>>> print(open('start_26.txt').read())   # compact mmCIF, C-alpha atoms and all ligand atoms
# COMPACT_ATOMS: atom_id res chain seq x y z
CA MET V 1 94.73 119.18 70.79
CA PRO V 2 98.42 120.12 70.48
CA ALA V 3 100.94 117.28 70.33
CA PHE V 4 102.48 115.85 73.47
CA SER V 5 106.19 115.53 74.03
CA GLU V 6 107.94 113.19 71.62
CA ARG V 7 109.87 111.89 74.61
CA LEU V 8 106.77 109.91 75.59
CA GLN V 9 106.38 108.08 72.31
CA LYS V 10 108.04 104.93 73.60
CA ILE V 11 106.68 105.13 77.16
CA LYS V 12 103.83 102.83 78.19
CA PRO V 13 102.12 102.24 81.56
CA THR V 14 104.42 99.91 83.50
CA ILE V 15 103.91 96.16 83.48
CA PHE V 16 103.69 96.37 87.30
CA SER V 17 100.64 98.66 87.21
CA HIS V 18 99.09 96.59 84.43
CA MET V 19 99.39 93.26 86.25
CA THR V 20 98.36 94.63 89.65
CA ASN V 21 95.26 96.26 88.11
CA LEU V 22 94.35 93.04 86.36
CA ALA V 23 94.92 91.03 89.55
CA ASN V 24 92.62 93.36 91.50
CA GLN V 25 89.99 93.26 88.78
CA HIS V 26 89.86 89.44 88.88
CA GLY V 27 90.45 88.92 92.60
CA ALA V 28 93.74 87.11 91.92
CA ILE V 29 96.43 86.61 94.55
CA ASN V 30 98.97 89.22 93.57
CA LEU V 31 102.48 87.78 93.27
CA SER V 32 103.27 90.24 90.48
CA GLN V 33 104.34 93.74 91.58
CA GLY V 34 107.23 93.69 94.04
CA PHE V 35 105.99 94.92 97.39
CA PRO V 36 105.46 93.15 100.71
CA ASP V 37 101.87 92.55 101.78
CA PHE V 38 103.01 93.26 105.36
CA ASP V 39 104.31 96.43 106.94
CA GLY V 40 107.76 97.20 108.28
CA PRO V 41 108.46 97.33 112.04
CA ASP V 42 106.43 99.31 114.54
CA PHE V 43 109.44 101.22 115.85
CA ILE V 44 109.77 102.89 112.44
CA LYS V 45 106.04 103.62 112.22
CA ASN V 46 106.11 105.08 115.73
CA ALA V 47 109.05 107.28 114.82
CA ALA V 48 107.08 108.64 111.84
CA ILE V 49 104.00 109.30 113.98
CA GLU V 50 106.15 111.01 116.60
CA ALA V 51 107.77 113.18 113.92
CA ILE V 52 104.37 114.22 112.55
CA ARG V 53 103.07 114.98 116.06
CA GLY V 54 106.35 116.72 116.86
CA ASP V 55 105.73 119.25 114.09
CA LYS V 56 108.42 117.97 111.76
CA ASN V 57 106.24 118.61 108.75
CA GLN V 58 107.78 121.41 106.70
CA TYR V 59 110.25 121.13 103.83
CA ALA V 60 113.41 119.24 104.63
CA PRO V 61 116.72 120.52 103.22
CA SER V 62 116.80 119.57 99.55
CA ALA V 63 119.65 117.05 99.96
CA GLY V 64 117.98 115.44 102.97
CA ILE V 65 118.00 115.87 106.73
CA GLN V 66 121.61 115.96 107.87
CA GLU V 67 121.04 113.44 110.66
CA LEU V 68 119.59 110.96 108.15
CA ARG V 69 122.54 111.46 105.82
CA GLU V 70 124.82 110.72 108.77
CA ALA V 71 122.85 107.57 109.58
CA ILE V 72 123.26 106.46 105.94
CA VAL V 73 127.01 107.10 106.13
CA ASP V 74 127.18 105.03 109.34
CA LYS V 75 125.37 102.19 107.61
CA TYR V 76 127.84 102.12 104.69
CA LYS V 77 130.75 102.10 107.14
CA ARG V 78 129.19 99.41 109.30
CA PHE V 79 128.23 96.99 106.49
CA TYR V 80 130.82 97.64 103.81
CA GLY V 81 133.67 99.61 105.42
CA LEU V 82 132.97 102.51 103.04
CA GLU V 83 133.56 106.16 103.96
CA TYR V 84 131.31 108.93 102.64
CA ASP V 85 131.00 112.60 103.47
CA SER V 86 127.42 113.04 104.71
CA ALA V 87 127.26 116.70 103.72
CA LYS V 88 128.65 116.43 100.20
CA GLU V 89 128.28 112.88 98.97
CA VAL V 90 124.90 111.64 100.23
CA THR V 91 121.54 112.80 98.89
CA VAL V 92 118.10 111.70 100.08
CA VAL V 93 115.51 111.50 97.30
CA SER V 94 111.96 110.25 96.81
CA GLY V 95 112.69 106.60 96.17
CA ALA V 96 115.26 104.84 94.03
CA THR V 97 112.96 105.72 91.13
CA GLU V 98 113.75 109.39 91.63
CA ALA V 99 117.41 108.56 92.16
CA ILE V 100 117.50 106.85 88.76
CA PHE V 101 115.70 109.79 87.15
CA SER V 102 117.84 112.52 88.72
CA THR V 103 121.10 110.66 88.11
CA MET V 104 120.49 109.74 84.48
CA PHE V 105 119.06 113.19 83.77
CA ALA V 106 122.19 114.77 85.26
CA LEU V 107 124.62 112.59 83.27
CA LEU V 108 123.12 112.08 79.86
CA ASN V 109 122.95 114.10 76.65
CA PRO V 110 121.00 113.08 73.54
CA GLY V 111 123.08 110.55 71.61
CA ASP V 112 125.12 109.38 74.61
CA GLU V 113 125.22 105.61 74.83
CA VAL V 114 124.17 103.75 77.95
CA ILE V 115 124.95 100.09 78.62
CA LEU V 116 122.06 98.17 80.17
CA PHE V 117 122.06 94.53 81.19
CA GLU V 118 118.89 92.78 80.05
CA PRO V 119 116.50 91.68 81.37
CA CYS V 120 116.55 95.09 83.00
CA TYR V 121 114.37 97.03 85.41
CA ASP V 122 112.08 99.24 83.34
CA ALA V 123 113.07 102.67 84.69
CA TYR V 124 116.54 102.69 83.10
CA LEU V 125 115.22 102.37 79.57
CA ALA V 126 112.55 105.01 80.25
CA LEU V 127 115.31 107.41 81.26
CA CYS V 128 117.15 106.71 78.02
CA HIS V 129 113.96 107.69 76.20
CA PHE V 130 113.51 110.85 78.32
CA THR V 131 117.09 112.01 77.81
CA GLY V 132 117.55 110.93 74.19
CA ALA V 133 120.38 108.60 75.20
CA VAL V 134 120.89 105.40 73.22
CA PRO V 135 120.59 102.11 75.13
CA LYS V 136 122.96 99.23 74.29
CA PHE V 137 121.87 95.92 75.75
CA ILE V 138 124.07 93.18 77.15
CA ARG V 139 122.19 89.93 77.55
CA LEU V 140 122.22 88.13 80.88
CA HIS V 141 121.68 84.53 79.83
CA SER V 142 119.23 82.39 81.80
CA PRO V 143 119.32 80.18 83.81
CA ASN V 144 122.30 81.69 85.69
CA PHE V 145 122.07 85.13 84.05
CA ALA V 146 125.80 85.35 83.29
CA PHE V 147 127.00 87.75 80.61
CA ASN V 148 129.71 87.42 78.02
CA LEU V 149 132.56 89.87 78.62
CA GLU V 150 133.22 90.06 74.88
CA ASP V 151 129.66 91.34 74.38
CA LEU V 152 130.38 94.10 76.85
CA LYS V 153 133.72 95.00 75.25
CA ASN V 154 132.07 95.13 71.83
CA ALA V 155 129.20 97.30 73.06
CA MET V 156 131.46 100.02 74.46
CA THR V 157 132.33 102.89 72.14
CA SER V 158 133.72 106.39 72.48
CA ARG V 159 130.11 107.53 72.96
CA THR V 160 129.45 105.25 75.96
CA LYS V 161 128.66 107.59 78.85
CA CYS V 162 127.55 105.18 81.54
CA LEU V 163 126.68 101.63 82.51
CA VAL V 164 123.78 100.75 84.71
CA ILE V 165 124.13 97.71 86.88
CA ASN V 166 121.62 96.34 89.33
CA THR V 167 122.75 93.94 92.00
CA PRO V 168 120.96 92.04 93.50
CA HIS V 169 119.23 92.05 90.15
CA ASN V 170 115.56 92.55 89.44
CA PRO V 171 113.97 90.52 87.84
CA SER V 172 116.52 87.66 87.72
CA GLY V 173 117.67 87.57 91.36
CA LYS V 174 121.29 87.43 90.20
CA LEU V 175 124.08 88.76 92.40
CA PHE V 176 126.89 90.18 90.28
CA SER V 177 130.08 88.44 91.43
CA LYS V 178 133.22 90.25 92.51
CA LYS V 179 134.91 89.16 89.29
CA GLU V 180 132.01 90.41 87.13
CA LEU V 181 132.00 93.76 88.93
CA GLU V 182 135.75 94.04 88.54
CA ASP V 183 135.54 93.32 84.80
CA ILE V 184 132.77 95.89 84.39
CA GLY V 185 134.70 98.43 86.46
CA LYS V 186 137.93 97.99 84.52
CA LEU V 187 136.22 98.44 81.17
CA SER V 188 134.39 101.49 82.48
CA MET V 189 137.64 103.05 83.65
CA ASP V 190 139.33 102.32 80.30
CA ASN V 191 136.44 104.11 78.57
CA ASP V 192 136.02 106.81 81.24
CA CYS V 193 132.34 105.94 81.87
CA PHE V 194 130.15 106.49 84.88
CA ILE V 195 128.83 103.42 86.67
CA ILE V 196 125.32 103.69 88.08
CA THR V 197 124.65 100.86 90.48
CA ASP V 198 121.13 100.18 91.73
CA GLU V 199 121.40 98.18 94.94
CA VAL V 200 117.90 98.44 96.39
CA TYR V 201 117.85 94.72 97.32
CA GLU V 202 121.28 94.90 99.03
CA HIS V 203 120.03 93.38 102.29
CA ILE V 204 117.89 90.64 100.73
CA THR V 205 120.45 88.00 99.82
CA TYR V 206 120.74 84.27 100.51
CA GLU V 207 123.74 81.93 100.10
CA LYS V 208 126.08 84.73 99.01
CA ASN V 209 126.59 88.30 100.20
CA HIS V 210 126.04 91.43 98.19
CA VAL V 211 129.17 93.19 96.91
CA PRO V 212 128.65 96.95 96.40
CA MET V 213 130.36 98.33 93.31
CA ALA V 214 131.72 101.20 95.40
CA THR V 215 133.89 98.80 97.43
CA PHE V 216 136.46 98.76 94.59
CA PRO V 217 138.60 101.79 95.50
CA ARG V 218 139.89 102.38 91.98
CA PHE V 219 136.42 102.71 90.47
CA ARG V 220 134.98 104.69 93.33
CA ASP V 221 135.19 108.18 91.80
CA HIS V 222 133.02 107.06 88.86
CA VAL V 223 130.41 105.17 90.88
CA ILE V 224 126.94 106.44 91.76
CA THR V 225 125.27 104.10 94.26
CA ILE V 226 121.49 104.11 94.40
CA SER V 227 119.50 102.44 97.13
CA SER V 228 116.21 102.73 98.93
CA THR V 229 114.58 102.05 102.25
CA ALA V 230 111.61 100.47 100.45
CA LYS V 231 112.81 96.87 100.40
CA THR V 232 115.10 96.91 103.44
CA PHE V 233 112.45 98.25 105.81
CA SER V 234 109.28 97.08 104.02
CA PHE V 235 107.77 100.52 103.51
CA THR V 236 107.60 100.70 99.72
CA GLY V 237 104.90 103.38 99.88
CA TRP V 238 107.08 105.84 101.77
CA LYS V 239 109.42 106.40 98.83
CA ILE V 240 112.59 107.25 100.71
CA GLY V 241 115.62 106.57 98.54
CA TYR V 242 119.17 107.83 98.57
CA LEU V 243 122.27 108.07 96.48
CA LEU V 244 125.94 108.19 97.24
CA ALA V 245 128.47 109.65 94.82
CA PRO V 246 131.64 111.78 94.85
CA GLU V 247 131.02 115.46 95.53
CA ASP V 248 131.31 116.69 91.93
CA ILE V 249 128.79 114.11 90.70
CA SER V 250 126.45 114.62 93.68
CA LYS V 251 126.41 118.36 93.03
CA GLN V 252 125.08 117.83 89.51
CA ILE V 253 122.49 115.26 90.58
CA ARG V 254 121.26 117.62 93.31
CA LEU V 255 120.67 120.29 90.67
CA VAL V 256 118.15 117.94 89.04
CA HIS V 257 116.67 116.67 92.31
CA GLN V 258 115.83 120.21 93.47
CA PHE V 259 113.48 120.56 90.49
CA VAL V 260 112.00 117.07 90.53
CA THR V 261 110.78 117.00 94.12
CA PHE V 262 113.02 119.57 95.86
CA SER V 263 112.90 117.45 99.02
CA THR V 264 111.48 114.23 100.40
CA ALA V 265 108.75 113.78 103.05
CA THR V 266 110.18 115.26 106.26
CA PRO V 267 108.58 113.09 108.97
CA LEU V 268 109.37 109.93 107.03
CA GLN V 269 113.00 110.98 106.78
CA HIS V 270 113.01 111.37 110.57
CA ALA V 271 111.59 107.88 110.93
CA MET V 272 114.27 106.46 108.68
CA ILE V 273 116.98 107.85 110.99
CA GLU V 274 115.65 105.34 113.54
CA ALA V 275 115.40 102.62 110.89
CA PHE V 276 119.08 102.91 109.97
CA ARG V 277 119.97 102.50 113.62
CA ALA V 278 118.36 99.03 113.68
CA PRO V 279 120.65 96.39 115.22
CA SER V 280 122.16 93.56 113.15
CA SER V 281 119.40 91.25 114.40
CA TYR V 282 116.92 93.23 112.26
CA TYR V 283 118.92 92.53 109.10
CA ASP V 284 119.45 88.88 110.08
CA ALA V 285 115.71 88.40 110.54
CA LEU V 286 114.95 90.12 107.21
CA LYS V 287 117.28 87.70 105.45
CA SER V 288 116.09 84.55 107.20
CA ASP V 289 112.38 85.43 106.80
CA TYR V 290 112.81 85.96 103.07
CA TRP V 291 114.96 82.84 102.77
CA LYS V 292 112.09 80.75 104.19
CA LYS V 293 109.63 82.44 101.84
CA ARG V 294 111.93 81.87 98.87
CA ASP V 295 112.06 78.17 99.64
CA LEU V 296 108.32 78.00 100.32
CA LEU V 297 107.32 79.61 97.02
CA GLY V 298 110.09 77.70 95.22
CA SER V 299 108.61 74.37 96.28
CA ILE V 300 105.04 75.52 95.57
CA LEU V 301 106.01 76.51 92.03
CA GLN V 302 107.94 73.31 91.42
CA GLU V 303 105.01 71.24 92.62
CA ALA V 304 102.78 73.11 90.18
CA GLY V 305 105.14 72.09 87.36
CA PHE V 306 107.24 75.23 86.90
CA LYS V 307 110.94 75.06 86.18
CA THR V 308 112.26 77.55 88.76
CA ILE V 309 115.39 79.67 88.97
CA LEU V 310 115.91 80.46 92.65
CA PRO V 311 117.36 83.93 93.27
CA GLU V 312 120.68 84.69 94.98
CA GLY V 313 119.13 87.96 96.09
CA SER V 314 115.87 90.01 95.83
CA TYR V 315 112.40 88.61 96.48
CA TYR V 316 111.53 87.21 93.08
CA ILE V 317 111.60 83.75 91.57
CA VAL V 318 111.96 83.41 87.81
CA THR V 319 110.22 80.47 86.15
CA ASP V 320 110.52 79.01 82.70
CA ILE V 321 107.07 78.23 81.29
CA SER V 322 108.14 76.78 77.95
CA GLU V 323 107.84 73.17 79.07
CA PHE V 324 104.13 73.23 79.70
CA THR V 325 102.64 75.84 77.44
CA THR V 326 102.99 77.33 74.00
CA MET V 327 101.50 80.62 75.23
CA ASN V 328 103.87 83.55 75.42
CA ASP V 329 104.63 85.05 78.85
CA LEU V 330 102.01 87.83 78.64
CA GLU V 331 99.26 85.49 77.42
CA PHE V 332 100.23 83.03 80.13
CA CYS V 333 100.14 85.67 82.90
CA GLU V 334 96.72 86.87 81.75
CA PHE V 335 95.46 83.27 81.71
CA LEU V 336 96.99 82.71 85.16
CA ILE V 337 95.11 85.68 86.60
CA LYS V 338 91.79 84.98 84.95
CA ASP V 339 91.64 81.17 85.09
CA VAL V 340 93.82 80.24 88.05
CA GLY V 341 93.59 83.35 90.25
CA VAL V 342 97.30 84.09 90.68
CA ALA V 343 99.16 87.09 89.26
CA ALA V 344 102.80 87.11 88.12
CA ILE V 345 104.95 89.33 85.91
CA PRO V 346 105.78 88.42 82.30
CA MET V 347 109.46 89.18 81.73
CA SER V 348 109.42 90.14 78.04
CA PRO V 349 108.94 93.86 78.90
CA PHE V 350 112.37 93.73 80.56
CA TYR V 351 114.03 92.89 77.23
CA CYS V 352 114.90 95.39 74.50
CA GLU V 353 112.78 93.61 71.94
CA GLU V 354 109.74 92.41 73.76
CA SER V 355 109.27 89.53 71.35
CA SER V 356 112.72 88.08 71.98
CA ILE V 357 112.32 86.23 75.31
CA THR V 358 108.77 85.13 75.99
CA ASN V 359 109.19 82.06 78.17
CA LEU V 360 110.08 83.67 81.51
CA VAL V 361 107.68 84.70 84.27
CA ARG V 362 108.55 86.31 87.63
CA PHE V 363 106.77 85.59 90.93
CA CYS V 364 107.18 87.76 94.05
CA PHE V 365 107.43 86.03 97.43
CA ALA V 366 107.30 89.13 99.67
CA LYS V 367 103.92 87.90 100.87
CA GLN V 368 102.59 86.35 104.05
CA ASP V 369 103.05 82.58 104.23
CA ASP V 370 99.31 81.85 104.15
CA VAL V 371 98.99 83.97 100.99
CA LEU V 372 101.78 81.98 99.33
CA ILE V 373 100.21 78.70 100.47
CA ASN V 374 96.84 79.82 99.16
CA ALA V 375 98.44 80.69 95.81
CA GLY V 376 99.90 77.16 95.86
CA ARG V 377 96.40 75.69 96.30
CA ARG V 378 95.18 77.63 93.29
CA LEU V 379 98.21 76.67 91.22
CA LYS V 380 97.39 72.98 91.75
CA SER V 381 94.66 73.38 89.11
CA LEU V 382 97.08 74.88 86.59
CA ARG V 383 97.91 71.78 84.55
CA GLU V 384 94.29 70.69 84.37
CA LYS V 385 93.21 74.18 83.23
CA LEU V 386 96.00 74.31 80.66
CA ASN V 387 94.79 71.02 79.20
CA SER V 388 91.08 71.86 79.20
N1 LIG V 401 115.24 99.69 91.30
C1 LIG V 401 114.84 98.41 91.33
C2 LIG V 401 115.73 97.37 90.79
C3 LIG V 401 113.59 98.07 91.87
O1 LIG V 401 113.18 96.81 91.87
C4 LIG V 401 112.76 99.10 92.36
C5 LIG V 401 111.43 98.77 92.96
N2 LIG V 401 111.56 98.72 94.31
C6 LIG V 401 113.23 100.41 92.32
C7 LIG V 401 114.45 100.68 91.76
C8 LIG V 401 112.39 101.54 92.80
O2 LIG V 401 112.55 101.73 94.18
P1 LIG V 401 111.71 102.83 94.97
O3 LIG V 401 110.43 102.19 95.33
O4 LIG V 401 112.55 103.16 96.14
O5 LIG V 401 111.51 103.99 94.05
N1 LIG V 402 110.14 97.28 91.89
C1 LIG V 402 108.83 96.70 91.85
C2 LIG V 402 108.87 95.41 91.03
O1 LIG V 402 109.84 95.08 90.42
C3 LIG V 402 107.81 97.61 91.20
C4 LIG V 402 107.86 99.02 91.55
C5 LIG V 402 106.86 99.77 90.72
O2 LIG V 402 105.74 99.34 90.57
N2 LIG V 402 107.28 100.87 90.20
O3 LIG V 402 107.89 94.73 91.00
>>> encode(input="start_26.txt", output="structure tokens", more="lines below")
Ligand code: PMP
Ligand code: GLN
Amino acid sequence: MPAFSERLQKIKPTIFSHMTNLANQHGAINLSQGFPDFDGPDFIKNAAIEAIRGDKNQYAPSAGIQELREAIVDKYKRFYGLEYDSAKEVTVVSGATEAIFSTMFALLNPGDEVILFEPCYDAYLALCHFTGAVPKFIRLHSPNFAFNLEDLKNAMTSRTKCLVINTPHNPSGKLFSKKELEDIGKLSMDNDCFIITDEVYEHITYEKNHVPMATFPRFRDHVITISSTAKTFSFTGWKIGYLLAPEDISKQIRLVHQFVTFSTATPLQHAMIEAFRAPSSYYDALKSDYWKKRDLLGSILQEAGFKTILPEGSYYIVTDISEFTTMNDLEFCEFLIKDVGVAAIPMSPFYCEESSITNLVRFCFAKQDDVLINAGRRLKSLREKLNS
């Protein structure tokens, strides 16, 4: 057989697919892959059904249905006071995953350097491999996942093309502070770098509010904001994402997007127009529901003996397993599935060298309360099973 693309040499099946498959195989409660085990609201489902029945089933314009782009612009004005041009600066794509692909593909040449904050969501590194760009990692140090500004200054060179930030951050749950964003922005301007900001968990925050990178006016013309309806409206399977960027950047990203998917599912875009019109009470309920779940799973994990790091945003809790086992994170997660019946995500795949941090495990709490409570019952046997 002829050889496959060298671009794939460093690409493996994702840890999310691996853990979910293993969980299903062993009948474990799946607190690994980040998706809710409940659907989003009926009014959005009904809008999708109506759109399908109303014959809105052919290709949408490549950049997205204009009315949806306007609804996205309204949302950014309403929540953050930001102004965007719906025709030129907003693009609807098939999930934040496609947004990351199309953006990084549009910006990067082989040899360009990209700053990533680790632990980091897996797609950014994959895009470095696809494009031939060189990742430079800045460590976010647990337990509060702060970074050292000197590390960032030292990592930036004349070849640095862009930084990727993710706030609220997956997997750590960190919210980048205003000061951190300002420091990152200033350095990026000094080095004339793009800033890609993945904000898919923007509406799932707790004690503090999310600060979008684009709210700093002086960085704005270098910022590409990526978000998704997946987490905000609990329809991860619909894959409706979007990106906002100045016209000249959007134009380039759209050139890639037209050959990745061309356009995104038309009836689902229509449904999302309704979703974006949801009143503030929808967003308040989203936050308070997840807050209760965060605290519920937090206490379940603590009772089971885990040292927990509660998130400021997102729907994940990071735990430190080093106090009660000498297993590494992957071994521990496999044991947890097979012997205890609960699935979680080992965090070493989110680090540049997978062997470097092996004591952190992520649990997802976007699950119904009885599922979380049931997981708690199973986790009660953890210590005994570890000692047997
Ligand atoms: N970025 C981050 C940080 C994520 O956690 C995810 C998973 N929801 C994505 C991007 C991908 O989002 P989507 O499902 O919209 O492709
Ligand atoms: N974002 C989800 C997570 O962090 C996974 C999405 C995926 O499986 N690609 O668990």
>>> residues_around(input="start_26.txt", residues="Glu89 in chain V", least_positions_apart="6", cutoff="10 Å", atoms="all atoms listed in the file", output="list of chain:residue names")
V:Ala63, V:Arg69, V:Val73, V:Glu83, V:Ile224, V:Leu243, V:Leu244, V:Ala245, V:Pro246, V:Glu247, V:Asp248, V:Ile249, V:Ser250, V:Lys251
>>> atom_distance(input="start_26.txt", atom1="atom P1 of ligand LIG 401 (chain V)", atom2="CA of Glu98 in chain V")
7.6 Å
>>> axis_aligned_box(input="start_26.txt", around="ligand LIG 402 (chain V)", padding_each_side="8 Å", output="AutoDock Vina command-line options")
--center_x 107.9 --center_y 97.8 --center_z 91.0 --size_x 20.4 --size_y 22.1 --size_z 17.7
>>> residues_around(input="start_26.txt", residues="Val93 in chain V", least_positions_apart="3", cutoff="8 Å", atoms="all atoms listed in the file", output="PyMOL selection string")
chain V and resi 63-64+96+98-99+240-243+257+261+263-264
>>> closest_atom_pairs(input="start_26.txt", of="chain V", to="ligand LIG 402 (chain V)", cutoff="9 Å", atoms="all atoms listed in the file", output="CSV")
residue,atom,partner,partner_atom,distance
V:Thr14,CA,V:LIG402,O2,7.2
V:Ile15,CA,V:LIG402,O2,8.0
V:Phe16,CA,V:LIG402,O2,4.9
V:Ser17,CA,V:LIG402,O2,6.1
V:Thr20,CA,V:LIG402,O2,8.8
V:Ser32,CA,V:LIG402,O3,6.5
V:Gln33,CA,V:LIG402,O3,3.7
V:Gly34,CA,V:LIG402,O3,3.3
V:Phe35,CA,V:LIG402,C1,6.5
V:Thr97,CA,V:LIG402,N2,7.5
V:Tyr121,CA,V:LIG402,O1,7.0
V:Asp122,CA,V:LIG402,O1,8.5
V:Ala123,CA,V:LIG402,N2,8.2
V:Asn170,CA,V:LIG402,O1,6.3
V:Pro171,CA,V:LIG402,O1,6.7
V:Lys231,CA,V:LIG402,N1,8.9
V:Thr236,CA,V:LIG402,C4,8.3
V:Tyr316,CA,V:LIG402,O1,8.5
V:Ile345,CA,V:LIG402,O3,8.0
V:Cys364,CA,V:LIG402,O3,7.6
>>> atom_distance(input="start_26.txt", atom1="CA of Leu268 in chain V", atom2="atom O5 of ligand LIG 401 (chain V)")
14.4 Å
>>> closest_residue(input="start_26.txt", among="V:Ser228, V:Thr157, V:Thr326, V:Ser86", to="ligand LIG 401 (chain V)", atoms="only C-alpha atoms and all ligand atoms")
V:Ser228
>>> closest_residue(input="start_26.txt", among="V:Val340, V:Ile100, V:Ser94, V:Pro217", to="Glu384 in chain V", atoms="all atoms listed in the file")
V:Val340
>>> residues_around(input="start_26.txt", residues="range 201-216 of chain V", least_positions_apart="2", cutoff="7 Å", atoms="all atoms listed in the file", output="MDAnalysis selection string")
chainID V and resid 82 168 175 178 181 197 199 218:220 223 231:232 283 287 291 312:314
>>> write_last_selection(input="start_26.txt", atoms="C-alpha atoms", output="PDB file, in the frame of the given file")
ATOM      1  CA  LEU V  82     132.970 102.510 103.040  1.00  0.00           C
ATOM      2  CA  PRO V 168     120.960  92.040  93.500  1.00  0.00           C
ATOM      3  CA  LEU V 175     124.080  88.760  92.400  1.00  0.00           C
ATOM      4  CA  LYS V 178     133.220  90.250  92.510  1.00  0.00           C
ATOM      5  CA  LEU V 181     132.000  93.760  88.930  1.00  0.00           C
ATOM      6  CA  THR V 197     124.650 100.860  90.480  1.00  0.00           C
ATOM      7  CA  GLU V 199     121.400  98.180  94.940  1.00  0.00           C
ATOM      8  CA  ARG V 218     139.890 102.380  91.980  1.00  0.00           C
ATOM      9  CA  PHE V 219     136.420 102.710  90.470  1.00  0.00           C
ATOM     10  CA  ARG V 220     134.980 104.690  93.330  1.00  0.00           C
ATOM     11  CA  VAL V 223     130.410 105.170  90.880  1.00  0.00           C
ATOM     12  CA  LYS V 231     112.810  96.870 100.400  1.00  0.00           C
ATOM     13  CA  THR V 232     115.100  96.910 103.440  1.00  0.00           C
ATOM     14  CA  TYR V 283     118.920  92.530 109.100  1.00  0.00           C
ATOM     15  CA  LYS V 287     117.280  87.700 105.450  1.00  0.00           C
ATOM     16  CA  TRP V 291     114.960  82.840 102.770  1.00  0.00           C
ATOM     17  CA  GLU V 312     120.680  84.690  94.980  1.00  0.00           C
ATOM     18  CA  GLY V 313     119.130  87.960  96.090  1.00  0.00           C
ATOM     19  CA  SER V 314     115.870  90.010  95.830  1.00  0.00           C
TER      20      SER V 314
END
>>> closest_residue(input="start_26.txt", among="V:Leu336, V:Leu372, V:Val256, V:Ala278", to="Thr103 in chain V", atoms="all atoms listed in the file")
V:Val256
>>> decode(input="start_26.txt", residues="range 94-105 of chain V", atoms="N, CA and C atoms", output="compact mmCIF listing (two decimals), in the first residue's frame")
# COMPACT_ATOMS: atom_id res chain seq x y z
N SER V 94 -18.90 24.42 11.18
CA SER V 94 -19.43 23.19 11.77
C SER V 94 -18.70 22.86 13.07
N GLY V 95 -19.03 23.61 14.09
CA GLY V 95 -18.45 23.38 15.41
C GLY V 95 -17.18 24.19 15.61
N ALA V 96 -16.84 24.38 16.90
CA ALA V 96 -15.58 25.07 17.21
C ALA V 96 -14.41 24.26 16.66
N THR V 97 -14.58 22.95 16.54
CA THR V 97 -13.52 22.11 15.98
C THR V 97 -13.17 22.57 14.57
N GLU V 98 -14.20 22.83 13.76
CA GLU V 98 -13.91 23.32 12.41
C GLU V 98 -13.35 24.74 12.46
N ALA V 99 -13.83 25.53 13.41
CA ALA V 99 -13.32 26.90 13.53
C ALA V 99 -11.81 26.87 13.80
N ILE V 100 -11.40 25.96 14.69
CA ILE V 100 -9.97 25.85 15.02
C ILE V 100 -9.20 25.41 13.77
N PHE V 101 -9.75 24.43 13.07
CA PHE V 101 -9.08 23.92 11.86
C PHE V 101 -8.94 25.05 10.82
N SER V 102 -10.07 25.67 10.49
CA SER V 102 -10.06 26.65 9.39
C SER V 102 -9.20 27.85 9.75
N THR V 103 -9.24 28.25 11.03
CA THR V 103 -8.45 29.42 11.44
C THR V 103 -6.96 29.10 11.39
N MET V 104 -6.56 28.00 12.01
CA MET V 104 -5.12 27.71 12.07
C MET V 104 -4.59 27.38 10.68
N PHE V 105 -5.42 26.74 9.87
CA PHE V 105 -5.01 26.44 8.49
C PHE V 105 -4.82 27.73 7.68
